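Below: one structure, written as C-alpha cells.
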Amino acid sequence: MKFWTRREFGRLTGAALLTALNQPKARGQAKARVVVIGGGIGGATVARYLAVSATAIEVTLVEPRQSYTTCFFSNLYLAGLRPFKSLSHGYEALAKQYGITVIHESAEAIHPAAKTVALNNGSKLSYDRLVVAPGIAFRDRALRGYDEAAMEIMPHAWNAGPQTSLLRQQLESMEDGGLFVIVVPPNPFRCPPAPYERASLIASYFQRSKPKAKILILDSKDSFNAQDLFQDAWNRHYPGMIEWLPAQFTGGVTAIDAKTRSVITEGATFKAAVANVIPAQMAGRLVQQAGLANQSGWCPVDPVTFESALQPGVHLVGDAIIGGDMPKSAFCANSQAKACAFAIAADLTGSARFPAHLFNTCYTYLAPDDAFSNAISFKPVDGKLKSVISFVSKVEESSEVRRQAARAAEGWYDAFTHDVFG
C-alpha cells in the first residue's frame with residue numbers, strides 16, 4: 001500500500017490544479033465573475049487558484065480584516081516559542097501577484113436568486129459563482145454564563161487574534177502554583193487535536209517558568225483524537241502536571257462563572273487561575289442566515305464540487321461544511337478549496353475535468369522537540385467524503401523521529417502559508 005508523503009501531497013494537488021486552471025478561454029468572451037467571501041485558509045486558497053486563470057475569471061475576495069492570523073501554530077505562541085507576528089499573513093500578494101480584487105468589508109447578506117452579495121458599506125456585488133468560507137461561530141447559550149463579556153475574562157482563543165494575545169498575557173501573569181483549566185467542546189469542532197496540543201505546549205512553558213502550576217482538561221467527550229500519543233507524552237514530559245477528566249467522570253461542563261473564574265460541572269466546581277473555555281461550534285453566522293446550513297448547524301455540500309446541497313451556484317469550503325471523514329483543519333480547507341476551484345473553473349471556462357485529490361496532513365506538538373504527524377487521503381463515496389489511505393505516527397516512535405517531525409513542521413508552516421497567501 002502506498003503512503004503519500006506530505007511533499008507528494010503538495011506537489012500532486014498544486015500541480016494538477018495549476019495545469020487544469022491555466023487553460024485559456026476563447027477570445028472576446030467576457031470574464032466570469034466569482035466572489036469569495038472569507039479570507040481564511042479556504043477562501044484565500046480558492047481565490048488564489050481561481051485567479052491563476054486570470055484571463056478567464058475575475059475574482060473578488062471579501063474579507064474585513066487586513067490580515068489573517070493562523071490558529072494553527074498559535075499554541076507555539078501561547079507557549080512562548082513563536083512570535084505573534086509570525087502568525088499574521090496579509091492579502092497584498094493575492095492582489096498584486098494574482099490580480100485578485102480584495103475588498104476589506106464584511107458581507108452582510110447573500111441573495112442566491114439575484115446572485116448578489118450585500119456588503120456592510122451598502123454596496124452590492126454580482127457574481128456568476130459564489131464561494132463562501134465563513135469559518136466557525138460559537139453556538140449561542142452552549143454554556144450558561146459564557147457570553148461575550150465572559151470571553152474577555154476566560155478567553156476561547158479559538159479564533160486567533162486578540163483572544164490569543166489575551167490568553168498569553170494571562171498565562172504570563174499567572175502565579176506559580178496556579179491552576180490552568182481548558183474546557184474542550186463536543187464534536188465536531190475546529191482542529192480536533194488542538195486543545196490537547198495546547199495543554200502540552202503550555203505545560204512546557206510551565207515547566208520552564210511556573211513548575212508548580214497544574215493543568216486540568218475538562219472534556220465534553222469520553223475520548224479524544226490521538227489520545228494514546230498525548231497521554232504517553234504527558235507521562236514522559238510532564239508527569240503529574242496535566243490531568244484529563246472525561247465527561248463520563250464529571251457529567252460535563254454545564255456553566256461558567258466568569259466573576260470567580262470558575263467552571264461548573266454536574267458534579268463539582270473548579271476554580272481556575274486562568275481558564276481557556278472553547279465553546280461548542282457551528283458554521284459561521286452568515287451561512288446560517290443565508291439558508292446554507294441545515295439543522296445540524298453545518299453546511300451540506302457536494303463532495304466533488306463543494307457546491308451547496310441547499311443553494312445551487314453557491315460553493316462552501318473549510319470548517320463550515322459537513323466534511324464526512326475530513327476533519328475541520330487548515331489543510332483540509334486548503335485541499336477542499338483547490339478541488340472547488342477546479343470544479344468552478346471547469347464549469348465557467350470549459351477547462352478539462354480531473355478527479356479531485358483531497359488530503360489532510362497535520363503536525364501536532366507534544367513538546368518543543370517532540371511532534372507527531374498524520375497524512376490521510378479522501379475520496380467521495382456514496383455522496384460522502386471517506387478516508388482511503390492514511391499514515392499516523394505511533395507511540396513507539398524514536399525521539400529522533402519526533403525531533404525530525406518537529407523540525408519538519410516549521411518548514412511545512414512556511415510552505416503552506418505561502419501556498420495560500422502567496
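Naming works like this for the C-alpha cells: A, B, ... for the chains as they're shown, residue 1 at the start of each chain, ligands 1 onward in shown order.
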Notebook entry, point to check: Leaving out region 148-159 of chain A and any residue of its chain fewer than 2 positions from it, which residues lie within 6 Å of it when counting only C-alpha atoms, given as a list in words?
Noted result: Tyr146, Gln163, Thr164, Ala258, Ala275, Asn276, Val277 and Ile278 of chain A
Would you save the residues from that selection as a PDB file, in the first residue's frame, using C-alpha atoms?
```pdb
ATOM      1  CA  TYR A 146     -20.329  32.182  28.811  1.00  0.00           C
ATOM      2  CA  GLN A 163      -8.105  36.432  22.123  1.00  0.00           C
ATOM      3  CA  THR A 164      -4.828  34.581  21.586  1.00  0.00           C
ATOM      4  CA  ALA A 258     -16.616  34.471  34.936  1.00  0.00           C
ATOM      5  CA  ALA A 275      -9.281  29.384  32.099  1.00  0.00           C
ATOM      6  CA  ASN A 276      -9.430  28.690  28.372  1.00  0.00           C
ATOM      7  CA  VAL A 277     -13.066  27.960  27.518  1.00  0.00           C
ATOM      8  CA  ILE A 278     -13.598  26.591  23.994  1.00  0.00           C
TER       9      ILE A 278
END
```
Item checked: Which of region 26-138 of chain A DSSP labels strand (DSSP E or B), written as a PyMOL selection string -> chain A and resi 32-37+57-62+67-69+88-90+101-103+107-111+116-119+124-126+129-132+136-138
Margin query: I'd like the contact shell of Ser209 (chain A) - 10 Å cut-off, only C-alpha atoms, skipping same-chain residues fewer than 6 positions apart - returned as an MDAnalysis selection string.
Written below: chainID A and resid 172 175:176 203
Item checked: Residue nearest Val304 (chain A) - candidates A:Ile321, A:Ala409, A:Leu358, A:Leu348, atoms counted: only C-alpha atoms ->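 Of all the options, A:Leu358 lies closest to Val304 (chain A).
A straight line drawn from CA of Ala194 (chain A) to CA of Asn75 (chain A) is 8.0 Å long.
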Check: Excluding same-chain residues fewer than 5 positions from region 292-299 of chain A, what lies within 6 Å of it counting only C-alpha atoms, as a list in words?
Finding: Met282, Ala283, Val287, Leu310, Ala320, Ile321 and Ile322 of chain A
Check: Which residue, A:Arg403, A:Lys124, A:Arg129, A:Lys338, has the smallest gap to Gly313 (chain A) when you use only C-alpha atoms?
Finding: A:Arg129
Item checked: Shortest interatomic distance to Glu307 (chain A) - which of A:Val388, A:Ile202, A:Ala79, A:Ile344, counting only C-alpha atoms -> A:Ile344
Checklist line | Coordinates-based distance that separates CA of Thr254 (chain A) from CA of Pro185 (chain A) (Å, one decimal) | finding: 11.4 Å
Can you pull out every residue within 9 Å of Gly99 (chain A), counting only C-alpha atoms, but drop anything in the same chain fewer than 5 positions away, and send it as a PDB file with N, CA and C atoms, in the first residue's frame?
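What landed in around.pdb:
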```pdb
ATOM      1  N   ALA A  51      -7.681  32.582  -9.545  1.00  0.00           N
ATOM      2  CA  ALA A  51      -7.034  33.723 -10.190  1.00  0.00           C
ATOM      3  C   ALA A  51      -5.862  33.314 -11.068  1.00  0.00           C
ATOM      4  N   VAL A  52      -5.374  32.102 -10.916  1.00  0.00           N
ATOM      5  CA  VAL A  52      -4.330  31.610 -11.812  1.00  0.00           C
ATOM      6  C   VAL A  52      -4.812  31.678 -13.255  1.00  0.00           C
ATOM      7  N   ALA A  54      -6.412  33.989 -14.751  1.00  0.00           N
ATOM      8  CA  ALA A  54      -6.873  35.376 -14.693  1.00  0.00           C
ATOM      9  C   ALA A  54      -7.477  35.863 -16.001  1.00  0.00           C
ATOM     10  N   GLU A  58     -12.720  36.602 -13.261  1.00  0.00           N
ATOM     11  CA  GLU A  58     -12.483  37.781 -12.424  1.00  0.00           C
ATOM     12  C   GLU A  58     -12.825  37.401 -10.987  1.00  0.00           C
ATOM     13  N   VAL A  59     -11.841  37.503 -10.104  1.00  0.00           N
ATOM     14  CA  VAL A  59     -12.003  37.027  -8.732  1.00  0.00           C
ATOM     15  C   VAL A  59     -12.023  38.205  -7.765  1.00  0.00           C
ATOM     16  N   ALA A  93      -0.068  40.038  -1.563  1.00  0.00           N
ATOM     17  CA  ALA A  93       0.412  39.200  -2.665  1.00  0.00           C
ATOM     18  C   ALA A  93      -0.748  38.694  -3.518  1.00  0.00           C
ATOM     19  N   LEU A  94      -1.870  38.364  -2.880  1.00  0.00           N
ATOM     20  CA  LEU A  94      -3.026  37.902  -3.651  1.00  0.00           C
ATOM     21  C   LEU A  94      -3.504  38.991  -4.608  1.00  0.00           C
TER      22      LEU A  94
END
```
Checklist line | Selected residue, from A:Ser106, A:Ser399, A:Thr265, A:Thr69, that lies nearest to Ala367 (chain A) when counting only C-alpha atoms | finding: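 Smallest separation from Ala367 (chain A) among the options: A:Ser399.
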Next item on the list: May I have the residues within 9 Å of Val274 (chain A) as number ranges by chain, using only C-alpha atoms and disregarding those fewer than 4 positions away in the same chain?
Entry: A: 153-154, 167, 170-171, 174, 178-182, 261
Those selected residues, please, written with N, CA and C atoms and delivered as a PDB file, in the first residue's frame.
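Saved the output as again-v5.pdb:
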```
ATOM      1  N   ILE A 153     -12.682  37.511  30.005  1.00  0.00           N
ATOM      2  CA  ILE A 153     -12.104  37.075  31.280  1.00  0.00           C
ATOM      3  C   ILE A 153     -11.566  35.663  31.169  1.00  0.00           C
ATOM      4  N   MET A 154     -12.298  34.821  30.470  1.00  0.00           N
ATOM      5  CA  MET A 154     -11.919  33.419  30.268  1.00  0.00           C
ATOM      6  C   MET A 154     -11.903  33.164  28.759  1.00  0.00           C
ATOM      7  N   LEU A 167      -4.992  35.438  26.122  1.00  0.00           N
ATOM      8  CA  LEU A 167      -4.685  34.212  26.857  1.00  0.00           C
ATOM      9  C   LEU A 167      -3.205  34.144  27.189  1.00  0.00           C
ATOM     10  N   GLN A 170      -2.509  36.367  30.156  1.00  0.00           N
ATOM     11  CA  GLN A 170      -2.994  35.773  31.403  1.00  0.00           C
ATOM     12  C   GLN A 170      -2.063  34.668  31.893  1.00  0.00           C
ATOM     13  N   LEU A 171      -1.569  33.865  30.978  1.00  0.00           N
ATOM     14  CA  LEU A 171      -0.647  32.791  31.362  1.00  0.00           C
ATOM     15  C   LEU A 171       0.652  33.364  31.918  1.00  0.00           C
ATOM     16  N   MET A 174      -0.012  34.646  35.492  1.00  0.00           N
ATOM     17  CA  MET A 174      -0.445  33.654  36.479  1.00  0.00           C
ATOM     18  C   MET A 174       0.682  33.326  37.457  1.00  0.00           C
ATOM     19  N   GLY A 178      -0.564  28.063  40.213  1.00  0.00           N
ATOM     20  CA  GLY A 178      -1.946  28.274  39.797  1.00  0.00           C
ATOM     21  C   GLY A 178      -2.479  27.127  38.953  1.00  0.00           C
ATOM     22  N   LEU A 179      -3.804  27.090  38.816  1.00  0.00           N
ATOM     23  CA  LEU A 179      -4.471  26.058  38.025  1.00  0.00           C
ATOM     24  C   LEU A 179      -4.951  26.652  36.702  1.00  0.00           C
ATOM     25  N   PHE A 180      -4.514  26.053  35.609  1.00  0.00           N
ATOM     26  CA  PHE A 180      -4.970  26.427  34.271  1.00  0.00           C
ATOM     27  C   PHE A 180      -5.976  25.386  33.807  1.00  0.00           C
ATOM     28  N   VAL A 181      -7.201  25.831  33.501  1.00  0.00           N
ATOM     29  CA  VAL A 181      -8.277  24.927  33.095  1.00  0.00           C
ATOM     30  C   VAL A 181      -8.581  25.134  31.612  1.00  0.00           C
ATOM     31  N   ILE A 182      -8.671  24.030  30.882  1.00  0.00           N
ATOM     32  CA  ILE A 182      -9.093  24.058  29.483  1.00  0.00           C
ATOM     33  C   ILE A 182     -10.414  23.308  29.371  1.00  0.00           C
ATOM     34  N   ARG A 261     -13.961  33.072  37.913  1.00  0.00           N
ATOM     35  CA  ARG A 261     -13.167  32.215  37.015  1.00  0.00           C
ATOM     36  C   ARG A 261     -13.392  30.735  37.352  1.00  0.00           C
TER      37      ARG A 261
END
```
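With CA of Tyr91 (chain A) on one side and CA of Tyr413 (chain A) on the other, the separation reads 17.1 Å.
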